[in-house]
>>> print(open('upload33.cif').read())   # mmCIF, C-alpha atoms
data_model
#
loop_
_atom_site.group_PDB
_atom_site.id
_atom_site.type_symbol
_atom_site.label_atom_id
_atom_site.label_comp_id
_atom_site.auth_asym_id
_atom_site.auth_seq_id
_atom_site.Cartn_x
_atom_site.Cartn_y
_atom_site.Cartn_z
ATOM 1 C CA MET O 1 88.900 106.479 87.733
ATOM 2 C CA THR O 2 91.951 108.664 88.323
ATOM 3 C CA SER O 3 95.371 107.210 89.065
ATOM 4 C CA SER O 4 98.396 108.417 90.998
ATOM 5 C CA VAL O 5 101.962 107.147 90.947
ATOM 6 C CA ALA O 6 103.880 107.279 94.233
ATOM 7 C CA LEU O 7 107.471 107.298 92.977
ATOM 8 C CA CYS O 8 110.363 107.402 95.445
ATOM 9 C CA THR O 9 113.920 108.247 94.439
ATOM 10 C CA TYR O 10 117.352 108.232 96.025
ATOM 11 C CA ASN O 11 120.521 108.428 93.942
ATOM 12 C CA GLY O 12 118.693 106.912 91.002
ATOM 13 C CA GLU O 13 120.135 108.877 88.087
ATOM 14 C CA THR O 14 121.088 105.694 86.205
ATOM 15 C CA TYR O 15 117.570 104.365 85.657
ATOM 16 C CA ILE O 16 115.047 107.049 86.623
ATOM 17 C CA ALA O 17 114.576 108.434 83.089
ATOM 18 C CA GLU O 18 113.808 104.963 81.745
ATOM 19 C CA GLN O 19 111.224 104.436 84.483
ATOM 20 C CA LEU O 20 109.555 107.801 83.900
ATOM 21 C CA ASP O 21 109.428 107.202 80.148
ATOM 22 C CA SER O 22 107.636 103.899 80.715
ATOM 23 C CA ILE O 23 105.030 105.612 82.907
ATOM 24 C CA LEU O 24 104.567 108.437 80.402
ATOM 25 C CA SER O 25 103.975 105.893 77.625
ATOM 26 C CA GLN O 26 100.810 104.396 79.122
ATOM 27 C CA THR O 27 97.895 103.648 76.794
ATOM 28 C CA LEU O 28 95.696 105.153 79.515
ATOM 29 C CA PRO O 29 97.662 108.115 80.892
ATOM 30 C CA VAL O 30 98.075 108.344 84.668
ATOM 31 C CA SER O 31 96.558 111.385 86.371
ATOM 32 C CA GLU O 32 99.589 112.441 88.414
ATOM 33 C CA ILE O 33 103.118 111.345 89.256
ATOM 34 C CA ILE O 34 104.143 112.224 92.805
ATOM 35 C CA VAL O 35 107.919 112.015 93.197
ATOM 36 C CA CYS O 36 109.586 112.240 96.608
ATOM 37 C CA ASP O 37 113.354 112.447 96.520
ATOM 38 C CA ASP O 38 115.167 111.441 99.708
ATOM 39 C CA GLN O 39 118.132 113.835 99.473
ATOM 40 C CA SER O 40 119.894 112.356 96.460
ATOM 41 C CA SER O 41 123.516 113.398 96.033
ATOM 42 C CA ASP O 42 123.793 112.519 92.339
ATOM 43 C CA GLY O 43 121.977 113.924 89.319
ATOM 44 C CA THR O 44 118.563 112.455 90.146
ATOM 45 C CA VAL O 45 116.879 115.729 91.110
ATOM 46 C CA LYS O 46 118.146 117.488 87.994
ATOM 47 C CA ILE O 47 116.622 114.755 85.826
ATOM 48 C CA LEU O 48 113.364 114.926 87.773
ATOM 49 C CA LYS O 49 113.123 118.693 87.376
ATOM 50 C CA ASN O 50 113.699 118.409 83.634
ATOM 51 C CA TYR O 51 110.780 115.989 83.366
ATOM 52 C CA SER O 52 108.640 118.139 85.650
ATOM 53 C CA GLU O 53 109.268 121.207 83.483
ATOM 54 C CA LYS O 54 108.127 119.261 80.419
ATOM 55 C CA HIS O 55 105.041 117.907 82.214
ATOM 56 C CA PRO O 56 104.187 120.570 84.840
ATOM 57 C CA ASN O 57 100.577 119.469 85.282
ATOM 58 C CA LEU O 58 101.489 115.815 85.684
ATOM 59 C CA ILE O 59 104.785 115.436 87.541
ATOM 60 C CA LYS O 60 105.186 116.942 91.000
ATOM 61 C CA VAL O 61 108.617 116.697 92.617
ATOM 62 C CA TYR O 62 109.124 116.987 96.377
ATOM 63 C CA GLU O 63 112.633 117.210 97.842
ATOM 64 C CA ASN O 64 112.795 115.982 101.429
ATOM 65 C CA SER O 65 114.422 118.377 103.895
ATOM 66 C CA GLU O 66 115.864 115.351 105.674
ATOM 67 C CA ASN O 67 116.477 111.741 104.736
ATOM 68 C CA LEU O 68 113.311 109.811 105.611
ATOM 69 C CA GLY O 69 114.540 106.374 104.626
ATOM 70 C CA TYR O 70 112.884 103.903 102.278
ATOM 71 C CA VAL O 71 109.645 103.390 104.228
ATOM 72 C CA GLY O 72 109.260 106.986 105.387
ATOM 73 C CA ASN O 73 109.751 108.288 101.872
ATOM 74 C CA PHE O 74 107.052 106.002 100.486
ATOM 75 C CA GLU O 75 104.724 106.944 103.326
ATOM 76 C CA LYS O 76 105.125 110.610 102.370
ATOM 77 C CA ALA O 77 104.631 109.953 98.663
ATOM 78 C CA MET O 78 101.499 107.879 99.258
ATOM 79 C CA SER O 79 100.024 110.544 101.528
ATOM 80 C CA LEU O 80 100.353 113.140 98.745
ATOM 81 C CA CYS O 81 98.538 111.075 96.111
ATOM 82 C CA THR O 82 95.031 112.225 95.189
ATOM 83 C CA GLY O 83 93.981 109.669 92.553
ATOM 84 C CA ASP O 84 91.412 106.928 93.065
ATOM 85 C CA ILE O 85 94.158 104.351 92.504
ATOM 86 C CA VAL O 86 97.705 104.618 93.846
ATOM 87 C CA PHE O 87 100.566 102.762 92.172
ATOM 88 C CA LEU O 88 103.724 102.211 94.221
ATOM 89 C CA CYS O 89 106.747 102.785 92.030
ATOM 90 C CA ASP O 90 110.494 102.315 92.450
ATOM 91 C CA GLN O 91 113.057 104.337 90.521
ATOM 92 C CA ASP O 92 114.736 101.505 88.649
ATOM 93 C CA ASP O 93 111.987 99.334 87.138
ATOM 94 C CA ARG O 94 109.868 99.561 83.980
ATOM 95 C CA TRP O 95 106.137 99.579 83.343
ATOM 96 C CA TYR O 96 104.513 97.895 80.357
ATOM 97 C CA PRO O 97 102.375 100.337 78.311
ATOM 98 C CA HIS O 98 98.985 98.841 79.254
ATOM 99 C CA LYS O 99 99.565 98.588 83.019
ATOM 100 C CA ASN O 100 97.404 101.533 84.099
ATOM 101 C CA GLU O 101 94.618 100.658 81.676
ATOM 102 C CA TYR O 102 94.576 97.021 82.790
ATOM 103 C CA ILE O 103 94.593 97.737 86.534
ATOM 104 C CA THR O 104 92.032 100.546 86.267
ATOM 105 C CA ARG O 105 89.631 98.187 84.531
ATOM 106 C CA LEU O 106 90.043 95.616 87.314
ATOM 107 C CA PHE O 107 89.308 98.167 90.040
ATOM 108 C CA LYS O 108 86.215 99.350 88.192
ATOM 109 C CA ASN O 109 84.899 95.789 88.034
ATOM 110 C CA GLU O 110 85.912 94.698 91.548
ATOM 111 C CA LYS O 111 84.391 97.202 93.942
ATOM 112 C CA GLN O 112 85.272 95.193 97.059
ATOM 113 C CA ILE O 113 88.972 94.871 96.198
ATOM 114 C CA ASN O 114 91.439 97.279 97.843
ATOM 115 C CA ILE O 115 94.776 95.988 96.525
ATOM 116 C CA ILE O 116 95.595 94.342 93.212
ATOM 117 C CA CYS O 117 98.919 92.546 92.720
ATOM 118 C CA HIS O 118 100.153 91.515 89.284
ATOM 119 C CA ASN O 119 103.078 89.419 88.129
ATOM 120 C CA ILE O 120 106.347 90.972 86.921
ATOM 121 C CA LYS O 121 109.300 89.889 84.837
ATOM 122 C CA LEU O 122 112.796 89.843 86.323
ATOM 123 C CA PHE O 123 115.566 91.414 84.260
ATOM 124 C CA GLY O 124 119.109 92.663 84.692
ATOM 125 C CA GLU O 125 122.631 91.330 84.407
ATOM 126 C CA PRO O 126 122.398 88.929 87.417
ATOM 127 C CA VAL O 127 119.438 87.116 85.839
ATOM 128 C CA ASN O 128 121.400 84.482 83.944
ATOM 129 C CA SER O 129 118.741 82.780 81.896
ATOM 130 C CA THR O 130 117.585 82.741 78.306
ATOM 131 C CA ASP O 131 114.068 81.952 79.543
ATOM 132 C CA GLU O 132 111.630 84.548 80.804
ATOM 133 C CA ILE O 133 111.629 84.455 84.611
ATOM 134 C CA THR O 134 108.853 86.100 86.540
ATOM 135 C CA TYR O 135 108.701 86.949 90.219
ATOM 136 C CA TRP O 136 106.122 84.244 90.801
ATOM 137 C CA ASP O 137 108.276 81.578 89.122
ATOM 138 C CA LEU O 138 110.644 81.717 92.081
ATOM 139 C CA ASP O 139 108.001 80.761 94.627
ATOM 140 C CA THR O 140 106.926 77.183 95.334
ATOM 141 C CA ASN O 141 103.450 78.365 96.322
ATOM 142 C CA ARG O 142 102.500 80.478 93.314
ATOM 143 C CA PRO O 143 99.778 83.116 93.765
ATOM 144 C CA ASP O 144 97.967 81.889 90.648
ATOM 145 C CA GLN O 145 97.354 78.611 92.487
ATOM 146 C CA PHE O 146 95.567 80.255 95.416
ATOM 147 C CA THR O 147 91.963 79.093 95.734
ATOM 148 C CA GLY O 148 90.804 79.784 99.306
ATOM 149 C CA PRO O 149 89.809 83.173 100.783
ATOM 150 C CA GLN O 150 92.689 83.074 103.299
ATOM 151 C CA ASP O 151 95.383 81.852 100.914
ATOM 152 C CA VAL O 152 96.934 85.307 100.449
ATOM 153 C CA ILE O 153 97.089 86.273 104.136
ATOM 154 C CA LYS O 154 98.445 82.856 105.129
ATOM 155 C CA ARG O 155 101.115 82.933 102.433
ATOM 156 C CA ILE O 156 102.445 86.415 103.154
ATOM 157 C CA LEU O 157 102.159 86.131 106.949
ATOM 158 C CA PHE O 158 103.398 82.570 107.348
ATOM 159 C CA GLN O 159 106.187 82.629 104.763
ATOM 160 C CA GLY O 160 106.898 86.276 103.928
ATOM 161 C CA ASN O 161 105.740 88.802 101.359
ATOM 162 C CA ILE O 162 105.838 87.811 97.684
ATOM 163 C CA PHE O 163 104.274 90.961 96.243
ATOM 164 C CA PRO O 164 106.832 93.783 95.869
ATOM 165 C CA GLY O 165 105.461 97.309 95.925
ATOM 166 C CA MET O 166 106.052 97.917 92.226
ATOM 167 C CA SER O 167 103.587 95.117 91.440
ATOM 168 C CA MET O 168 100.860 96.640 93.645
ATOM 169 C CA ALA O 169 98.034 99.098 93.094
ATOM 170 C CA ILE O 170 95.971 100.358 96.035
ATOM 171 C CA ARG O 171 92.527 101.894 96.277
ATOM 172 C CA ASN O 172 93.198 105.328 97.762
ATOM 173 C CA THR O 173 90.243 105.280 100.169
ATOM 174 C CA PHE O 174 91.720 102.151 101.791
ATOM 175 C CA LEU O 175 95.223 103.629 101.737
ATOM 176 C CA LYS O 176 94.252 106.839 103.508
ATOM 177 C CA GLU O 177 92.408 104.832 106.185
ATOM 178 C CA HIS O 178 95.708 103.178 107.089
ATOM 179 C CA LEU O 179 98.069 106.159 106.998
ATOM 180 C CA PRO O 180 100.199 106.899 108.874
ATOM 181 C CA LEU O 181 101.688 103.420 108.833
ATOM 182 C CA GLN O 182 101.986 101.520 112.091
ATOM 183 C CA LYS O 183 105.573 100.353 111.356
ATOM 184 C CA ILE O 184 105.419 97.601 113.966
ATOM 185 C CA ASN O 185 108.871 96.212 113.093
ATOM 186 C CA PRO O 186 111.634 96.637 110.468
ATOM 187 C CA VAL O 187 110.517 93.550 108.511
ATOM 188 C CA ILE O 188 106.988 94.739 107.830
ATOM 189 C CA ILE O 189 107.658 97.706 105.554
ATOM 190 C CA HIS O 190 105.009 99.879 103.875
ATOM 191 C CA ASP O 191 103.838 97.516 101.118
ATOM 192 C CA TYR O 192 103.902 94.457 103.391
ATOM 193 C CA GLU O 193 101.859 96.190 106.107
ATOM 194 C CA LEU O 194 99.184 97.351 103.682
ATOM 195 C CA LEU O 195 98.994 93.913 102.099
ATOM 196 C CA LEU O 196 98.527 92.196 105.462
ATOM 197 C CA LEU O 197 95.719 94.557 106.427
ATOM 198 C CA ALA O 198 93.909 94.148 103.104
ATOM 199 C CA ALA O 199 94.465 90.403 102.874
ATOM 200 C CA ASP O 200 93.048 89.928 106.370
ATOM 201 C CA LYS O 201 89.771 91.344 104.990
ATOM 202 C CA ASN O 202 89.990 89.237 101.806
ATOM 203 C CA SER O 203 90.322 92.392 99.706
ATOM 204 C CA VAL O 204 93.539 91.520 97.838
ATOM 205 C CA GLN O 205 93.260 90.246 94.286
ATOM 206 C CA THR O 206 96.146 88.620 92.415
ATOM 207 C CA ASP O 207 96.339 88.715 88.642
ATOM 208 C CA THR O 208 98.611 86.639 86.429
ATOM 209 C CA ALA O 209 99.190 89.454 83.928
ATOM 210 C CA ILE O 210 102.841 90.507 83.599
ATOM 211 C CA LEU O 211 102.614 94.301 83.639
ATOM 212 C CA GLY O 212 106.183 95.397 84.297
ATOM 213 C CA GLU O 213 109.808 94.486 84.734
ATOM 214 C CA TYR O 214 111.650 94.287 88.034
ATOM 215 C CA ARG O 215 115.294 95.237 87.621
ATOM 216 C CA ILE O 216 117.901 93.225 89.533
ATOM 217 C CA HIS O 217 121.076 95.180 90.239
ATOM 218 C CA PRO O 218 123.545 95.554 93.150
ATOM 219 C CA LYS O 219 122.392 99.035 94.238
ATOM 220 C CA GLN O 220 118.692 98.273 94.672
ATOM 221 C CA SER O 221 117.189 98.561 98.162
ATOM 222 C CA ILE O 222 115.591 95.112 98.165
ATOM 223 C CA GLY O 223 115.976 92.087 95.923
ATOM 224 C CA PHE O 224 119.533 91.769 94.615
ATOM 225 C CA ASN O 225 120.873 89.403 97.271
ATOM 226 C CA THR O 226 117.824 87.174 96.891
ATOM 227 C CA PHE O 227 117.119 87.063 93.180
ATOM 228 C CA SER O 228 120.641 87.187 91.792
ATOM 229 C CA LYS O 229 121.263 83.762 93.352
ATOM 230 C CA LEU O 230 118.101 82.006 92.225
ATOM 231 C CA LYS O 231 116.830 80.298 89.124
ATOM 232 C CA ALA O 232 113.247 79.496 88.295
ATOM 233 C CA SER O 233 113.896 75.756 88.450
ATOM 234 C CA GLU O 234 115.211 75.811 92.010
ATOM 235 C CA LYS O 235 113.004 74.605 94.872
ATOM 236 C CA PRO O 236 114.121 75.041 98.491
ATOM 237 C CA PRO O 237 114.710 71.680 100.200
ATOM 238 C CA ILE O 238 113.119 70.772 103.519
ATOM 239 C CA THR O 239 116.092 70.892 105.863
ATOM 240 C CA ARG O 240 116.423 70.868 109.631
ATOM 241 C CA GLU O 241 117.526 74.509 109.522
ATOM 242 C CA ALA O 242 114.449 75.415 107.481
ATOM 243 C CA LEU O 243 112.263 73.560 109.974
ATOM 244 C CA PHE O 244 113.730 75.493 112.912
ATOM 245 C CA SER O 245 113.204 78.740 110.998
ATOM 246 C CA VAL O 246 109.519 77.941 110.478
ATOM 247 C CA PHE O 247 108.968 77.171 114.161
ATOM 248 C CA ARG O 248 110.926 80.223 115.351
ATOM 249 C CA ARG O 249 108.766 82.443 113.133
ATOM 250 C CA ASN O 250 105.797 81.700 115.396
ATOM 251 C CA THR O 251 106.762 84.593 117.696
ATOM 252 C CA PHE O 252 106.870 86.983 114.741
ATOM 253 C CA VAL O 253 103.495 85.739 113.494
ATOM 254 C CA LYS O 254 101.818 86.113 116.898
ATOM 255 C CA GLU O 255 103.187 89.623 117.430
ATOM 256 C CA THR O 256 102.149 90.697 113.933
ATOM 257 C CA ILE O 257 98.613 89.388 114.433
ATOM 258 C CA SER O 258 98.357 91.216 117.738
ATOM 259 C CA ASN O 259 99.923 94.518 116.639
ATOM 260 C CA LEU O 260 98.003 94.790 113.368
ATOM 261 C CA GLN O 261 94.841 93.345 114.915
ATOM 262 C CA LEU O 262 94.554 90.601 112.324
ATOM 263 C CA SER O 263 92.181 87.656 112.655
ATOM 264 C CA PRO O 264 93.068 85.696 115.858
ATOM 265 C CA SER O 265 92.337 82.431 114.019
ATOM 266 C CA LEU O 266 95.610 82.909 112.133
ATOM 267 C CA LYS O 267 97.513 81.925 115.296
ATOM 268 C CA ASP O 268 96.054 78.423 115.216
ATOM 269 C CA GLY O 269 96.511 78.386 111.476
ATOM 270 C CA TYR O 270 100.225 78.971 111.854
ATOM 271 C CA LYS O 271 100.569 76.206 114.426
ATOM 272 C CA GLU O 272 98.928 73.836 111.962
ATOM 273 C CA TYR O 273 101.334 75.056 109.286
ATOM 274 C CA CYS O 274 104.317 74.348 111.557
ATOM 275 C CA LEU O 275 103.112 70.858 112.430
ATOM 276 C CA GLN O 276 102.513 70.022 108.768
ATOM 277 C CA TYR O 277 106.010 71.266 107.912
ATOM 278 C CA TYR O 278 107.351 69.044 110.707
ATOM 279 C CA LYS O 279 105.508 66.022 109.289
ATOM 280 C CA ASP O 280 106.833 66.727 105.795
ATOM 281 C CA TYR O 281 110.368 66.986 107.131
ATOM 282 C CA MET O 282 110.067 63.694 109.007
ATOM 283 C CA LYS O 283 108.703 61.960 105.903
ATOM 284 C CA SER O 284 111.841 62.979 104.038
ATOM 285 C CA LEU O 285 113.999 60.916 106.430
ATOM 286 C CA SER O 286 114.658 57.197 106.518
ATOM 287 C CA PRO O 287 112.794 55.281 109.270
ATOM 288 C CA LEU O 288 115.838 55.108 111.580
ATOM 289 C CA LYS O 289 116.764 58.765 111.110
ATOM 290 C CA ARG O 290 113.122 59.684 111.589
ATOM 291 C CA LEU O 291 113.032 57.950 114.970
ATOM 292 C CA ILE O 292 116.237 59.615 116.144
ATOM 293 C CA ALA O 293 115.195 63.022 114.815
ATOM 294 C CA GLY O 294 111.817 62.791 116.548
ATOM 295 C CA ILE O 295 113.442 62.172 119.915
ATOM 296 C CA LYS O 296 115.990 64.962 119.429
ATOM 297 C CA MET O 297 113.378 67.454 118.285
ATOM 298 C CA LYS O 298 111.175 66.868 121.288
ATOM 299 C CA TYR O 299 113.631 66.335 124.141
ATOM 300 C CA TYR O 300 116.905 67.965 123.064
ATOM 301 C CA PHE O 301 115.939 70.863 120.777
ATOM 302 C CA HIS O 302 112.522 71.382 122.405
ATOM 303 C CA ILE O 303 111.231 72.551 119.063
ATOM 304 C CA PHE O 304 107.591 72.444 120.125
ATOM 305 C CA ASP O 305 108.259 75.042 122.803
ATOM 306 C CA TYR O 306 108.255 77.631 120.000
ATOM 307 C CA LEU O 307 104.540 76.989 119.566
ATOM 308 C CA LYS O 308 103.620 77.891 123.143
#
>>> encode(input="upload33.cif", output="structure tokens")
Amino acid sequence: MTSSVALCTYNGETYIAEQLDSILSQTLPVSEIIVCDDQSSDGTVKILKNYSEKHPNLIKVYENSENLGYVGNFEKAMSLCTGDIVFLCDQDDRWYPHKNEYITRLFKNEKQINIICHNIKLFGEPVNSTDEITYWDLDTNRPDQFTGPQDVIKRILFQGNIFPGMSMAIRNTFLKEHLPLQKINPVIIHDYELLLLAADKNSVQTDTAILGEYRIHPKQSIGFNTFSKLKASEKPPITREALFSVFRRNTFVKETISNLQLSPSLKDGYKEYCLQYYKDYMKSLSPLKRLIAGIKMKYYFHIFDYLK
């Protein structure tokens, strides 16, 4: 199987060489590296051209005539990929040498799978820990504990995406079927949209292998504000604010199901999720507080109206 890398850059001169070197060091070489630069104003393009001149048959650099933004740039890069497998790639992370070989083998063996998501290590100055922290360590519902066919779609739709693009590989036939992206709202960006569509058809596979490193730094597009404040040992408490957030998300879930034409049964599934979260919250209270909270939730906050 052939493999393409959809690499997007924007003012990434600090880390782009390190990322490219990690891709060029694969035990199974990738077939092409498609780089789309979104009008960088630093030395990114110069670095890219130097690499392209050294590897003219491998690295193809496209300079956007206008700034497309994070999602638009990835959409362009993905559309230009010709390999059987497409890896999404940010400018500031690092691949482990066996990533392409490992993922290619999985796709060869799993014909019905369209997206494979692997685990990644977090690194960077904000990660204050002597222990190895992976992306999955920060989630209370770890992907390696999923057992049911709808576990992936329920997790990413009900609670938010936990598979960043740089940990994803996509079968290109599936990818091209779903381009251009629907872009139904600002929250559901390119990787999230594709994951929802594949997970709805039970064609997402998660793998515990750590195949790269996700850099945490202040200038990254997504991640710094979240991961620089967390530690692997932390678990989010069940608070009243968290409960309201879960119930309010019902509108988002319903609209996403409708706009992406996901399984209608997920609507009832989310209501069940909300009610279970409500029960867990109430159990955390003393009997007297539970009684008072129950009355307030129903008659003052009207929390169950969010489920209509």
>>> resolve_selection(input="upload33.cif", expression="the PyMOL selection byres ((chain O and resi 247-259) around 9)", output="VMD selection string")
chain O and resid 157 to 159 182 184 to 185 188 242 to 246 260 to 264 266 to 267 270 to 271 274 to 275 278 303 to 308
>>> resolve_selection(input="upload33.cif", expression="the PyMOL selection byres ((chain O and resi 26-36) around 9)", output="count of residues only")
42
>>> closest_residue(input="upload33.cif", among="O:Ile170, O:Met297, O:Val45, O:Ile115", to="O:Asn202", atoms="all atoms listed in the file")
O:Ile115
>>> atom_distance(input="upload33.cif", atom1="atom CA of O:Thr134", atom2="atom CA of O:Asn119")
6.8 Å
>>> residues_around(input="upload33.cif", residues="O:Tyr214", least_positions_apart="6", cutoff="9 Å", atoms="all atoms listed in the file", output="PyMOL selection string")
chain O and resi 92-95+120-124+134-135+166-167
>>> closest_residue(input="upload33.cif", among="O:Ser265, O:Glu53, O:Gln39, O:Met282", to="O:Tyr70", atoms="only C-alpha atoms")
O:Gln39
>>> resolve_selection(input="upload33.cif", expression="the PyMOL selection byres ((chain O and resi 165) around 10)", output="PyMOL selection string")
chain O and resi 74+87-90+117+162-164+166-170+189-192+194-195
>>> atom_distance(input="upload33.cif", atom1="atom CA of O:Tyr51", atom2="atom CA of O:Asn172")
25.1 Å
>>> closest_residue(input="upload33.cif", among="O:Ser41, O:Gln112, O:Gln19, O:Gln91", to="O:Ala198", atoms="all atoms listed in the file")
O:Gln112
>>> closest_residue(input="upload33.cif", among="O:Arg155, O:His178, O:His118, O:Lys46", to="O:Ile210", atoms="all atoms listed in the file")
O:His118
>>> atom_distance(input="upload33.cif", atom1="atom CA of O:Ile216", atom2="atom CA of O:Leu138")
13.8 Å
>>> residues_near_point(input="upload33.cif", point="(92.7, 101.5, 91.0)", cutoff="6 Å", atoms="all atoms listed in the file", output="JSON, numbers by chain")
{"O": [84, 85, 104, 107, 171]}
>>> axis_aligned_box(input="upload33.cif", around="stretch 189-205 of chain O", padding_each_side="4 Å", output="AutoDock Vina command-line options")
--center_x 98.7 --center_y 94.6 --center_z 100.4 --size_x 25.9 --size_y 18.6 --size_z 20.1
>>> residues_around(input="upload33.cif", residues="O:Asp144", least_positions_apart="6", cutoff="9 Å", atoms="all atoms listed in the file", output="ChimeraX atom specification")
/O:136,206-208
>>> residues_near_point(input="upload33.cif", point="(119.4, 112.7, 90.9)", cutoff="6 Å", atoms="all atoms listed in the file", output="ChimeraX atom specification")
/O:11-13,40,42-46
>>> residues_around(input="upload33.cif", residues="O:Gly294", least_positions_apart="3", cutoff="12 Å", atoms="all atoms listed in the file", output="PyMOL selection string")
chain O and resi 240+278-279+281-283+285-291+297-304
>>> decode(input="upload33.cif", residues="stretch 157-204 of chain O", atoms="C-alpha atoms", output="PDB file, in the first residue's frame")
ATOM      1  CA  LEU O 157     -20.042  12.790  19.845  1.00  0.00           C
ATOM      2  CA  PHE O 158     -21.246  12.875  23.439  1.00  0.00           C
ATOM      3  CA  GLN O 159     -18.082  14.195  25.085  1.00  0.00           C
ATOM      4  CA  GLY O 160     -15.867  15.617  22.332  1.00  0.00           C
ATOM      5  CA  ASN O 161     -13.068  14.369  20.112  1.00  0.00           C
ATOM      6  CA  ILE O 162     -10.115  12.609  21.751  1.00  0.00           C
ATOM      7  CA  PHE O 163      -8.227  11.683  18.586  1.00  0.00           C
ATOM      8  CA  PRO O 164      -6.143  14.606  17.259  1.00  0.00           C
ATOM      9  CA  GLY O 165      -5.395  14.586  13.550  1.00  0.00           C
ATOM     10  CA  MET O 166      -1.721  13.747  13.992  1.00  0.00           C
ATOM     11  CA  SER O 167      -2.738  10.426  15.567  1.00  0.00           C
ATOM     12  CA  MET O 168      -5.001   9.506  12.627  1.00  0.00           C
ATOM     13  CA  ALA O 169      -4.525   7.654   9.359  1.00  0.00           C
ATOM     14  CA  ILE O 170      -7.330   7.521   6.789  1.00  0.00           C
ATOM     15  CA  ARG O 171      -8.064   5.178   3.917  1.00  0.00           C
ATOM     16  CA  ASN O 172      -7.995   7.462   0.879  1.00  0.00           C
ATOM     17  CA  THR O 173     -11.048   5.930  -0.812  1.00  0.00           C
ATOM     18  CA  PHE O 174     -13.117   6.864   2.262  1.00  0.00           C
ATOM     19  CA  LEU O 175     -11.495  10.297   2.462  1.00  0.00           C
ATOM     20  CA  LYS O 176     -12.257  11.230  -1.134  1.00  0.00           C
ATOM     21  CA  GLU O 177     -15.887  10.132  -0.675  1.00  0.00           C
ATOM     22  CA  HIS O 178     -16.256  12.790   2.016  1.00  0.00           C
ATOM     23  CA  LEU O 179     -14.428  15.715   0.409  1.00  0.00           C
ATOM     24  CA  PRO O 180     -15.192  18.545   0.295  1.00  0.00           C
ATOM     25  CA  LEU O 181     -15.901  18.686   4.010  1.00  0.00           C
ATOM     26  CA  GLN O 182     -19.359  19.688   5.174  1.00  0.00           C
ATOM     27  CA  LYS O 183     -18.016  22.066   7.879  1.00  0.00           C
ATOM     28  CA  ILE O 184     -21.329  22.142   9.730  1.00  0.00           C
ATOM     29  CA  ASN O 185     -19.982  24.276  12.600  1.00  0.00           C
ATOM     30  CA  PRO O 186     -16.664  25.674  13.919  1.00  0.00           C
ATOM     31  CA  VAL O 187     -16.329  22.925  16.553  1.00  0.00           C
ATOM     32  CA  ILE O 188     -16.388  20.015  14.131  1.00  0.00           C
ATOM     33  CA  ILE O 189     -13.141  20.587  12.245  1.00  0.00           C
ATOM     34  CA  HIS O 190     -11.708  18.326   9.526  1.00  0.00           C
ATOM     35  CA  ASP O 191     -10.430  15.428  11.655  1.00  0.00           C
ATOM     36  CA  TYR O 192     -13.482  15.451  13.936  1.00  0.00           C
ATOM     37  CA  GLU O 193     -15.919  15.393  11.001  1.00  0.00           C
ATOM     38  CA  LEU O 194     -14.180  12.478   9.312  1.00  0.00           C
ATOM     39  CA  LEU O 195     -14.016  10.560  12.577  1.00  0.00           C
ATOM     40  CA  LEU O 196     -17.737  11.013  13.234  1.00  0.00           C
ATOM     41  CA  LEU O 197     -18.634   9.775   9.762  1.00  0.00           C
ATOM     42  CA  ALA O 198     -16.375   6.722  10.004  1.00  0.00           C
ATOM     43  CA  ALA O 199     -17.292   5.905  13.593  1.00  0.00           C
ATOM     44  CA  ASP O 200     -20.991   6.000  12.721  1.00  0.00           C
ATOM     45  CA  LYS O 201     -20.275   3.086  10.344  1.00  0.00           C
ATOM     46  CA  ASN O 202     -18.107   1.278  12.924  1.00  0.00           C
ATOM     47  CA  SER O 203     -15.054   1.694  10.692  1.00  0.00           C
ATOM     48  CA  VAL O 204     -12.717   3.380  13.201  1.00  0.00           C
TER      49      VAL O 204
END
